[in-house]
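Chemist: What follows is the file query29.tsv, containing TSV, C-alpha atoms:
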```tsv
chain	number	residue	atom	x	y	z
P	1128	MET	CA	0.00	0.00	0.00
P	1129	PHE	CA	2.78	2.41	0.90
P	1130	SER	CA	4.64	1.78	-2.29
P	1131	GLY	CA	1.45	2.44	-4.19
P	1132	ILE	CA	1.04	5.83	-2.53
P	1133	ALA	CA	4.64	6.70	-3.26
P	1134	PHE	CA	4.19	5.72	-6.90
P	1135	PHE	CA	1.11	7.92	-7.22
P	1136	GLN	CA	2.89	10.95	-5.75
P	1137	THR	CA	5.86	10.55	-8.07
P	1138	GLU	CA	3.59	10.35	-11.04
P	1139	ALA	CA	1.67	13.39	-9.85
P	1140	VAL	CA	4.87	15.44	-9.70
P	1141	SER	CA	6.52	14.21	-12.85
P	1142	GLY	CA	3.25	14.42	-14.73
P	1143	THR	CA	2.72	18.11	-14.08
P	1144	VAL	CA	1.38	19.74	-17.18
P	1145	TYR	CA	2.72	23.22	-17.86
P	1146	ASP	CA	1.58	25.86	-20.31
P	1147	THR	CA	3.07	24.98	-23.69
P	1148	ASP	CA	5.08	28.22	-23.87
P	1149	ALA	CA	6.41	27.64	-20.36
P	1150	GLN	CA	7.30	24.05	-21.22
P	1151	ALA	CA	9.23	25.13	-24.32
P	1152	PHE	CA	11.34	27.47	-22.19
P	1153	ILE	CA	11.80	24.89	-19.42
P	1154	THR	CA	13.11	22.44	-22.00
P	1155	ALA	CA	15.44	24.94	-23.69
P	1156	ALA	CA	16.86	26.27	-20.42
P	1157	ALA	CA	17.15	22.72	-19.04
P	1158	LEU	CA	15.42	23.63	-15.80
P	1159	THR	CA	15.18	20.71	-13.40
P	1160	SER	CA	13.88	22.36	-10.22
P	1161	ASP	CA	10.15	22.01	-9.69
P	1162	LEU	CA	10.19	25.39	-7.95
P	1163	GLN	CA	11.75	27.06	-10.99
P	1164	LYS	CA	9.46	25.25	-13.40
P	1165	GLY	CA	6.43	26.33	-11.42
P	1166	ALA	CA	7.67	29.92	-11.25
P	1167	ILE	CA	8.11	30.07	-15.03
P	1168	ASN	CA	4.73	28.51	-15.61
P	1169	GLN	CA	3.03	31.03	-13.33
P	1170	LEU	CA	4.92	33.91	-14.97
P	1171	VAL	CA	3.62	32.88	-18.38
P	1172	LEU	CA	0.09	32.48	-17.09
P	1173	ASP	CA	0.20	35.86	-15.35
P	1174	PHE	CA	1.48	37.67	-18.45
P	1175	LYS	CA	-1.26	36.05	-20.50
P	1176	ALA	CA	-3.87	37.01	-17.90
P	1177	ALA	CA	-2.54	40.57	-17.92
P	1178	GLY	CA	-2.93	40.69	-21.70
P	1179	THR	CA	0.72	41.59	-22.24
P	1180	TRP	CA	2.14	38.24	-23.36
P	1181	GLY	CA	1.19	39.04	-26.93
P	1182	LEU	CA	2.79	42.49	-26.77
P	1183	MET	CA	6.32	41.45	-25.82
P	1184	LEU	CA	9.20	40.89	-28.22
P	1185	ALA	CA	11.27	39.32	-25.48
P	1186	ILE	CA	10.98	38.27	-21.85
P	1187	TYR	CA	14.18	37.32	-20.01
P	1188	PRO	CA	13.43	35.53	-16.70
P	1189	PHE	CA	17.14	35.06	-15.76
P	1190	ILE	CA	16.49	31.68	-14.17
P	1191	GLY	CA	18.61	28.54	-13.82
P	1192	GLY	CA	21.80	30.12	-12.51
P	1193	THR	CA	24.03	29.92	-15.60
P	1194	ALA	CA	24.66	31.94	-18.74
P	1195	SER	CA	23.32	29.00	-20.71
P	1196	SER	CA	19.94	29.21	-18.95
P	1197	HIS	CA	19.82	32.99	-18.52
P	1198	LYS	CA	20.25	33.60	-22.24
P	1199	TYR	CA	16.84	32.35	-23.33
P	1200	ASN	CA	13.92	34.51	-24.35
P	1201	LEU	CA	10.73	33.14	-22.80
P	1202	LYS	CA	8.73	34.28	-25.84
P	1203	ASP	CA	10.88	32.33	-28.29
P	1204	PRO	CA	13.37	30.03	-26.54
P	1205	GLN	CA	15.56	29.23	-29.50
P	1206	ASP	CA	19.33	29.60	-29.48
P	1207	THR	CA	19.46	32.14	-32.30
P	1208	ASP	CA	19.96	35.86	-32.74
P	1209	ALA	CA	16.63	36.05	-34.56
P	1210	ALA	CA	14.91	34.71	-31.45
P	1211	PHE	CA	16.51	37.50	-29.41
P	1212	ARG	CA	18.57	35.08	-27.37
P	1213	LEU	CA	21.09	36.95	-25.23
P	1214	THR	CA	24.83	36.77	-25.69
P	1215	PHE	CA	26.88	37.79	-22.65
P	1216	SER	CA	30.13	39.72	-22.90
P	1217	GLY	CA	32.55	40.69	-20.14
P	1218	GLY	CA	32.39	40.00	-16.42
P	1219	TRP	CA	28.92	38.70	-15.63
P	1220	THR	CA	28.29	36.57	-12.54
P	1221	HIS	CA	25.45	34.10	-13.03
P	1222	SER	CA	23.74	32.59	-9.99
P	1223	SER	CA	20.38	31.66	-8.53
P	1224	THR	CA	19.78	35.34	-7.74
P	1225	GLY	CA	20.03	36.27	-11.38
P	1226	ALA	CA	22.78	37.84	-13.45
P	1227	ARG	CA	25.10	40.41	-11.94
P	1228	THR	CA	27.04	42.91	-14.01
P	1229	ASN	CA	30.39	44.23	-12.81
P	1230	GLY	CA	29.99	47.91	-13.68
P	1231	VAL	CA	33.05	47.80	-15.91
P	1232	ASN	CA	32.68	45.69	-19.06
P	1233	ALA	CA	29.63	43.39	-18.77
P	1234	TYR	CA	26.72	43.65	-21.16
P	1235	ALA	CA	24.25	41.40	-22.94
P	1236	ASN	CA	23.15	41.86	-26.53
P	1237	THR	CA	19.43	41.25	-27.04
P	1238	PHE	CA	19.72	41.60	-30.83
P	1239	ILE	CA	16.54	43.68	-30.65
P	1240	ASN	CA	16.68	46.63	-33.01
P	1241	PRO	CA	13.73	48.90	-32.17
P	1242	SER	CA	13.54	50.11	-35.74
P	1243	THR	CA	13.31	46.71	-37.41
P	1244	SER	CA	12.64	43.87	-34.96
P	1245	THR	CA	9.26	42.18	-34.92
P	1246	GLY	CA	7.66	39.28	-33.13
P	1247	GLY	CA	4.47	37.26	-33.25
P	1248	GLY	CA	4.71	36.79	-36.97
P	1249	GLY	CA	5.18	40.53	-37.50
P	1250	SER	CA	2.35	41.74	-35.27
P	1251	ILE	CA	4.57	42.85	-32.36
P	1252	LYS	CA	6.71	45.90	-32.94
P	1253	MET	CA	8.11	48.81	-30.96
P	1254	LEU	CA	7.02	52.23	-32.22
P	1255	SER	CA	7.67	55.77	-31.11
P	1256	THR	CA	4.01	55.73	-30.06
P	1257	SER	CA	3.94	52.24	-28.53
P	1258	ALA	CA	6.71	50.68	-26.47
P	1259	SER	CA	7.51	49.24	-23.07
P	1260	VAL	CA	10.54	48.03	-21.16
P	1261	HIS	CA	10.21	46.23	-17.82
P	1262	GLN	CA	13.29	45.64	-15.70
P	1263	TYR	CA	13.78	44.23	-12.22
P	1264	HIS	CA	16.99	44.91	-10.29
P	1265	ARG	CA	17.58	43.04	-7.05
P	1266	THR	CA	20.17	45.59	-5.95
P	1267	ALA	CA	20.66	49.30	-6.51
P	1268	ASP	CA	23.55	50.44	-8.66
P	1269	PRO	CA	26.39	52.03	-6.67
P	1270	GLY	CA	27.98	53.20	-9.90
P	1271	ILE	CA	29.67	56.37	-10.95
P	1272	GLY	CA	26.84	58.42	-12.38
P	1273	GLY	CA	25.77	59.24	-15.88
P	1274	GLY	CA	22.66	58.75	-17.91
P	1275	PRO	CA	20.23	55.87	-18.08
P	1276	ASN	CA	22.05	52.82	-19.28
P	1277	HIS	CA	20.09	49.90	-20.62
P	1278	GLY	CA	19.36	50.14	-24.33
P	1279	GLY	CA	21.21	52.51	-26.59
P	1280	TYR	CA	21.01	55.29	-29.06
P	1281	ALA	CA	21.71	56.00	-32.68
P	1282	SER	CA	23.74	58.69	-34.33
P	1283	GLY	CA	23.99	62.01	-32.61
P	1284	ASN	CA	22.01	60.81	-29.59
P	1285	THR	CA	18.82	62.23	-31.09
P	1286	ARG	CA	17.21	58.80	-31.49
P	1287	MET	CA	17.19	57.00	-28.17
P	1288	CYS	CA	15.88	53.89	-26.50
P	1289	LEU	CA	17.27	54.07	-22.99
P	1290	VAL	CA	15.87	53.07	-19.61
P	1291	ASN	CA	17.20	52.84	-16.08
P	1292	TRP	CA	17.68	54.65	-12.86
P	1293	GLN	CA	20.78	56.83	-13.00
P	1294	SER	CA	23.40	55.05	-10.99
P	1295	GLY	CA	24.81	58.08	-9.26
P	1296	THR	CA	21.74	60.09	-8.31
P	1297	GLY	CA	18.94	57.56	-8.61
P	1298	ASP	CA	17.13	59.84	-10.99
P	1299	CYS	CA	15.25	58.17	-13.77
P	1300	ASP	CA	14.83	59.88	-17.10
P	1301	SER	CA	14.18	57.05	-19.46
P	1302	ARG	CA	14.16	58.08	-23.08
P	1303	LEU	CA	11.89	55.44	-24.53
P	1304	LEU	CA	12.06	56.07	-28.27
P	1305	THR	CA	12.38	59.80	-27.93
P	1306	THR	CA	14.88	62.52	-28.44
P	1307	ASN	CA	17.32	63.45	-25.68
P	1308	THR	CA	15.16	65.40	-23.25
P	1309	PHE	CA	15.63	66.39	-19.65
P	1310	PRO	CA	14.80	66.61	-16.78
P	1311	PRO	CA	14.21	63.32	-14.96
P	1312	VAL	CA	10.87	62.27	-13.51
P	1313	LEU	CA	11.80	59.91	-10.73
P	1314	ASN	CA	14.31	61.41	-8.34
P	1315	ALA	CA	16.68	60.21	-5.66
P	1316	ALA	CA	13.83	59.53	-3.24
P	1317	PHE	CA	12.81	56.53	-5.29
P	1318	LEU	CA	13.95	53.01	-4.58
P	1319	LYS	CA	16.30	52.60	-7.54
P	1320	ARG	CA	15.70	48.86	-7.53
P	1321	GLY	CA	12.86	46.36	-7.82
P	1322	ASN	CA	10.43	46.88	-10.69
P	1323	LEU	CA	10.85	49.69	-13.18
P	1324	ILE	CA	8.40	49.64	-16.08
P	1325	THR	CA	8.71	52.40	-18.66
P	1326	TYR	CA	5.87	52.46	-21.17
P	1327	LYS	CA	4.01	54.56	-23.66
P	1328	THR	CA	0.90	54.18	-25.78
P	1329	ASN	CA	1.05	57.54	-27.53
P	1330	GLY	CA	3.66	59.91	-28.83
P	1331	THR	CA	3.72	62.39	-26.00
P	1332	THR	CA	3.59	60.72	-22.60
P	1333	ILE	CA	6.00	58.27	-21.00
P	1334	ARG	CA	4.68	56.50	-17.90
P	1335	TYR	CA	6.56	54.73	-15.13
P	1336	ARG	CA	5.49	51.96	-12.78
P	1337	THR	CA	7.80	51.19	-9.86
P	1338	ASP	CA	7.71	49.63	-6.42
P	1339	ASP	CA	7.27	53.09	-4.90
P	1340	GLY	CA	3.61	52.67	-3.95
P	1341	THR	CA	0.86	52.61	-6.54
P	1342	GLY	CA	1.58	55.90	-8.28
P	1343	GLU	CA	2.24	56.27	-11.97
P	1344	PRO	CA	4.66	59.14	-12.60
P	1345	THR	CA	4.44	60.51	-16.11
P	1346	LYS	CA	6.57	62.69	-18.29
P	1347	THR	CA	5.86	64.52	-21.50
P	1348	MET	CA	8.58	64.05	-24.05
P	1349	THR	CA	9.25	64.78	-27.68
P	1350	VAL	CA	8.81	61.86	-30.01
P	1351	THR	CA	11.88	61.15	-32.02
P	1352	ALA	CA	11.56	61.88	-35.71
P	1353	ALA	CA	12.77	58.42	-36.66
P	1354	MET	CA	13.28	55.16	-34.82
P	1355	PRO	CA	16.85	54.49	-33.66
P	1356	ASN	CA	18.80	51.97	-35.72
P	1357	MET	CA	20.61	50.31	-32.81
P	1358	LEU	CA	20.80	47.14	-30.76
P	1359	PHE	CA	19.19	47.09	-27.32
P	1360	LEU	CA	21.81	46.11	-24.74
P	1361	ILE	CA	21.24	45.05	-21.14
P	1362	GLY	CA	23.90	46.26	-18.74
P	1363	ALA	CA	25.27	49.06	-20.94
P	1364	ARG	CA	24.16	51.37	-23.69
P	1365	TYR	CA	24.78	50.84	-27.38
P	1366	THR	CA	26.41	53.66	-29.25
P	1367	GLY	CA	28.89	54.45	-31.94
P	1368	ALA	CA	27.98	51.86	-34.55
P	1369	THR	CA	25.42	50.66	-37.03
P	1370	PRO	CA	23.93	47.17	-36.51
P	1371	PRO	CA	25.04	44.46	-36.63
P	1372	ALA	CA	28.30	46.06	-35.41
P	1373	ILE	CA	28.34	46.41	-31.63
P	1374	GLY	CA	30.35	49.65	-31.49
P	1375	THR	CA	31.62	50.85	-28.15
P	1376	PRO	CA	29.14	50.07	-25.35
P	1377	ASN	CA	29.50	52.34	-22.35
P	1378	SER	CA	27.75	53.62	-19.22
P	1379	TRP	CA	28.03	50.28	-17.45
P	1380	VAL	CA	25.40	49.04	-15.00
P	1381	ASN	CA	26.53	47.54	-11.70
P	1382	SER	CA	23.59	45.58	-10.32
P	1383	ASP	CA	21.82	42.23	-9.99
P	1384	ILE	CA	19.43	41.96	-12.92
P	1385	ASN	CA	16.61	39.49	-12.35
P	1386	PHE	CA	14.13	40.18	-15.12
P	1387	PHE	CA	13.77	42.07	-18.37
P	1388	ALA	CA	10.95	42.41	-20.89
P	1389	ILE	CA	10.93	44.50	-24.06
P	1390	GLY	CA	7.97	45.07	-26.32
P	1391	ALA	CA	5.12	47.18	-27.56
P	1392	GLY	CA	3.15	49.59	-25.41
P	1393	ILE	CA	1.04	48.46	-22.47
P	1394	SER	CA	-1.76	50.25	-20.66
P	1395	SER	CA	-1.71	51.55	-17.10
P	1396	THR	CA	-3.89	48.65	-15.98
P	1397	GLN	CA	-1.65	46.16	-17.73
P	1398	SER	CA	1.44	47.68	-16.14
P	1399	THR	CA	-0.05	47.11	-12.70
P	1400	ALA	CA	-0.81	43.49	-13.50
P	1401	GLN	CA	2.59	42.93	-15.08
P	1402	LYS	CA	4.36	44.41	-12.07
P	1403	ALA	CA	2.39	42.07	-9.81
P	1404	ALA	CA	3.33	39.11	-12.02
P	1405	VAL	CA	7.04	39.85	-11.79
P	1406	THR	CA	6.85	40.51	-8.05
P	1407	THR	CA	5.16	37.14	-7.57
P	1408	TYR	CA	7.85	35.53	-9.72
P	1409	GLN	CA	10.69	37.04	-7.69
P	1410	THR	CA	8.93	36.18	-4.43
P	1411	THR	CA	8.61	32.54	-5.48
P	1412	LEU	CA	12.33	32.43	-6.21
P	1413	SER	CA	13.25	34.27	-2.97
P	1414	ARG	CA	15.03	37.06	-4.80
P	1415	LEU	CA	13.07	40.22	-4.09
P	1416	TYR	CA	15.09	43.42	-4.09
P	1417	VAL	CA	17.29	44.11	-1.08
N	508	MET	CA	36.02	55.20	-8.35
N	509	THR	CA	38.66	52.69	-9.44
N	510	PHE	CA	38.64	48.92	-9.93
N	511	SER	CA	41.20	46.13	-9.99
N	512	MET	CA	41.29	44.55	-13.44
N	513	TYR	CA	43.74	42.39	-15.36
N	514	SER	CA	45.91	44.46	-17.66
N	515	ILE	CA	46.56	43.10	-21.15
N	516	ASP	CA	48.44	44.45	-24.14
N	517	GLU	CA	47.11	45.27	-27.58
N	518	ILE	CA	48.15	41.90	-29.04
N	519	GLN	CA	46.45	39.98	-26.24
N	520	LYS	CA	43.37	42.11	-26.67
N	521	GLU	CA	43.22	41.23	-30.37
N	522	GLU	CA	43.66	37.53	-29.56
N	523	ILE	CA	40.70	37.23	-27.23
N	524	GLU	CA	38.22	39.90	-28.24
N	525	GLY	CA	34.94	38.17	-29.05
N	526	VAL	CA	36.28	34.75	-28.03
N	527	LEU	CA	34.20	32.50	-25.76
N	528	PHE	CA	35.73	32.08	-22.30
N	529	ALA	CA	32.79	30.00	-21.03
N	530	PRO	CA	29.57	28.74	-22.58
N	531	ASP	CA	27.62	31.72	-23.95
N	532	SER	CA	30.12	34.20	-22.45
N	533	TYR	CA	32.56	36.27	-24.50
N	534	PHE	CA	35.69	38.18	-23.55
N	535	ASN	CA	35.18	41.93	-23.68
N	536	PRO	CA	38.42	43.90	-23.29
N	537	VAL	CA	37.86	47.54	-22.36
N	538	GLN	CA	40.10	50.58	-22.26
N	539	ASP	CA	40.56	52.69	-19.17
N	540	ILE	CA	40.87	56.45	-19.07
N	541	ASN	CA	44.57	56.15	-19.92
N	542	GLY	CA	43.99	54.00	-23.00
N	543	PHE	CA	45.23	50.73	-21.49
N	544	TRP	CA	43.34	47.48	-22.11
N	545	PHE	CA	41.82	45.37	-19.33
N	546	ILE	CA	39.66	42.32	-18.74
N	547	SER	CA	37.84	41.39	-15.55
N	548	ASP	CA	38.80	38.87	-12.91
N	549	ILE	CA	35.69	36.85	-13.74
N	550	GLU	CA	36.81	36.45	-17.33
N	551	VAL	CA	40.37	35.46	-16.39
N	552	LEU	CA	39.50	33.02	-13.60
N	553	THR	CA	36.66	31.41	-15.53
N	554	ALA	CA	38.81	31.09	-18.64
N	555	ILE	CA	41.59	29.40	-16.70
N	556	GLY	CA	39.04	27.13	-15.05
N	557	ASN	CA	37.87	26.14	-18.52
N	558	GLY	CA	41.40	25.39	-19.69
N	559	LEU	CA	41.90	28.36	-21.99
N	560	ASP	CA	45.34	28.97	-20.51
N	561	GLY	CA	46.46	26.21	-22.85
N	562	GLU	CA	45.67	28.38	-25.85
N	563	TYR	CA	46.44	31.66	-24.11
N	564	PRO	CA	49.22	30.89	-21.57
N	565	TRP	CA	49.61	34.57	-20.73
N	566	LEU	CA	46.31	34.31	-18.79
N	567	LEU	CA	48.43	32.77	-16.01
N	568	THR	CA	50.90	35.65	-15.83
N	569	ILE	CA	48.90	38.84	-16.33
N	570	LYS	CA	48.55	41.04	-13.26
N	571	LEU	CA	45.78	42.92	-11.53
N	572	GLU	CA	46.23	46.65	-12.03
N	573	THR	CA	44.22	49.71	-11.16
N	574	PHE	CA	41.55	50.41	-13.75
N	575	VAL	CA	40.34	53.98	-13.90
N	576	PRO	CA	37.07	53.99	-15.85
N	577	ILE	CA	36.20	56.60	-18.39
N	578	PRO	CA	33.64	58.83	-16.66
N	579	LYS	CA	30.08	58.19	-17.71
N	580	GLY	CA	28.48	60.64	-20.14
N	581	PRO	CA	25.93	61.87	-19.62
N	582	TRP	CA	26.32	61.16	-23.32
```
Take the structure from the file and write it as structure tokens.
Modeler:
Amino acid sequence: MFSGIAFFQTEAVSGTVYDTDAQAFITAAALTSDLQKGAINQLVLDFKAAGTWGLMLAIYPFIGGTASSHKYNLKDPQDTDAAFRLTFSGGWTHSSTGARTNGVNAYANTFINPSTSTGGGGSIKMLSTSASVHQYHRTADPGIGGGPNHGGYASGNTRMCLVNWQSGTGDCDSRLLTTNTFPPVLNAAFLKRGNLITYKTNGTTIRYRTDDGTGEPTKTMTVTAAMPNMLFLIGARYTGATPPAIGTPNSWVNSDINFFAIGAGISSTQSTAQKAAVTTYQTTLSRLYV
Amino acid sequence: MTFSMYSIDEIQKEEIEGVLFAPDSYFNPVQDINGFWFISDIEVLTAIGNGLDGEYPWLLTIKLETFVPIPKGPW
């Protein structure tokens, strides 16, 4: 009788049925932990429930503890540039808490070019009137100052796709497919870690969703005249080249990076749901911001 | 702010730039404010752990030096 019970339990665990998109990622990233598998499955379900799964070009869960698992895009877990699989350069540290940059020479190439990249058979695209970037940092950046530093910009810094808290001051002045416009919206009083969602659904207003309460700071910016021909980097900003050349990345991030999503615009309601999804995901994996 | 990084020369930089030092991880030499080339301790130690000192024996002899980063922008 006891062996029968044990057999049933084993079957129940090994026979867990995951969402097909979650299962594809689990297989590609070679996840073996039931906790991690469950976290990925719930993340997929929550994005679908939020209505933002179909708006993302890429979702990077940074799970599994190695470069070979962190590189996969949850939306398309193939080991190709066209699937926006990450390649890591420089001094990254990969662990169960995510991927840590070193603030000196570490960056990841997403191969996402805001001006040309599409997903979902061509239906998903970043536009100057529709874009979002969601990042989660477990730690604040003790760096040396400078501008926002995930993403990049094209010639003459007039076509930009940059997001992040400024490392020195904690200000946030994300230039999400805009020209180079100051001043920042979020200031040093903000957390500078946890969730930071930058999003827009029109050409004039950039919105932010953070872990600083339930507010939604906004900023009016000038839409860039043309989309930047660049590659979106995580951990540094792209500049000084024309894709596919990588140029001279600079403005290095120094932080634990636990999540990243890049895509089309999301609504205020969707941003709230997406933030909750990522918070649940980090909670499950015991890696909330510190 | 300064860092300790492994100093390499121009020839060594050319040898390893864009080369895998671990699965899915590429060397990325960077210049400091004085124009000298450096790679990080993670790259060096991981590369040695993966046996790349056979192909690049100088990985075992390069030294940690003070790296003075180029100040960030703003742009």
Chemist: Which residues come within 7 Å of Ser547 in chain N, counting all atoms listed in the file, excluding same-chain residues fewer than 2 positions away, as JSON, numbers by chain?
Modeler: {"P": [1218], "N": [512, 513, 545, 549, 550, 551]}
Chemist: Taking only C-alpha atoms into account, report as a PyMOL selection string which residues of chain N lie within 9 Å of chain P.
Modeler: chain N and resi 508+510+525+527+529-537+546-550+576-582
Chemist: Which residues are close to Gly1374 in chain P, i.e. within 10 Å by all atoms listed in the file, leaving aside same-chain residues fewer than 5 positions away? Reply as a ChimeraX atom specification.
Modeler: /P:1357-1358,1365-1369
Chemist: Could you tell me which of N:Ile515, N:Leu567, N:Ile523, N:Asp560 comes closest to Gly542 in chain N if we count all atoms listed in the file?
Modeler: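 Closest candidate: N:Ile515.
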Chemist: For Leu1162 in chain P, please output as a PyMOL selection string all residues within 9 Å (counting all atoms listed in the file; exclusion window: fewer than 5 positions along the same chain).
Modeler: chain P and resi 1167+1411-1412
Chemist: From the options P:Leu1182, P:Thr1143, P:Arg1302, P:Phe1238, which residue's atoms come nearest to Gly1165 in chain P, counting all atoms listed in the file?
Modeler: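 For Gly1165 in chain P, the nearest of the candidates is P:Thr1143.
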Chemist: Point out the residue among N:Gln519, N:Asn541, N:Asn557, N:Ser511 with the least atom-to-atom distance to Phe574 in chain N, counting only C-alpha atoms.
Modeler: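 Among N:Gln519, N:Asn541, N:Asn557, N:Ser511, it is N:Ser511 that comes nearest to Phe574 in chain N.
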Chemist: Find the distance between CA of Cys1299 in chain P and CA of Phe1359 in chain P and write it in Å to one decimal.
Modeler: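 Between CA of Cys1299 in chain P and CA of Phe1359 in chain P the gap is 17.9 Å.
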Chemist: What lies within 6 Å of range 1225-1228 of chain P using all atoms listed in the file, ignoring chain neighbours under 4 positions off, as a list in words?
Modeler: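 What passes the distance filter is Phe1189, Trp1219, Thr1220, His1221, Ala1233, Asn1381, Ser1382, Asp1383, Ile1384 and Asn1385 of chain P.
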Chemist: Between CA of Pro1344 in chain P and CA of Arg1414 in chain P, what distance in Å does the model show, to one decimal?
Modeler: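 About the pair CA of Pro1344 in chain P and CA of Arg1414 in chain P: they are 25.6 Å apart.
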Chemist: Which is closest to Thr568 in chain N among N:Glu524, N:Ser514, N:Trp544, N:Asp539, if we use all atoms listed in the file?
Modeler: N:Ser514
Chemist: Enter the distance from CA of Asn1240 in chain P to CA of Ala1185 in chain P, in Å, rounded to one decimal.
Modeler: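 If I compute the distance from CA of Asn1240 in chain P to CA of Ala1185 in chain P, I get 11.8 Å.
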Chemist: In terms of the shortest atom-to-atom distance over all atoms listed in the file, which of P:Leu1304, P:Ala1267, P:Leu1184, P:Ile1393 is closest to Val1417 in chain P?
Modeler: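 Smallest separation from Val1417 in chain P among the options: P:Ala1267.
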Chemist: From the list P:Ala1258, P:Leu1172, P:Ile1190, P:Cys1288, which residue is nearest Ala1157 in chain P when using all atoms listed in the file?
Modeler: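 Counting all atoms listed in the file, the residue closest to Ala1157 in chain P is P:Ile1190.
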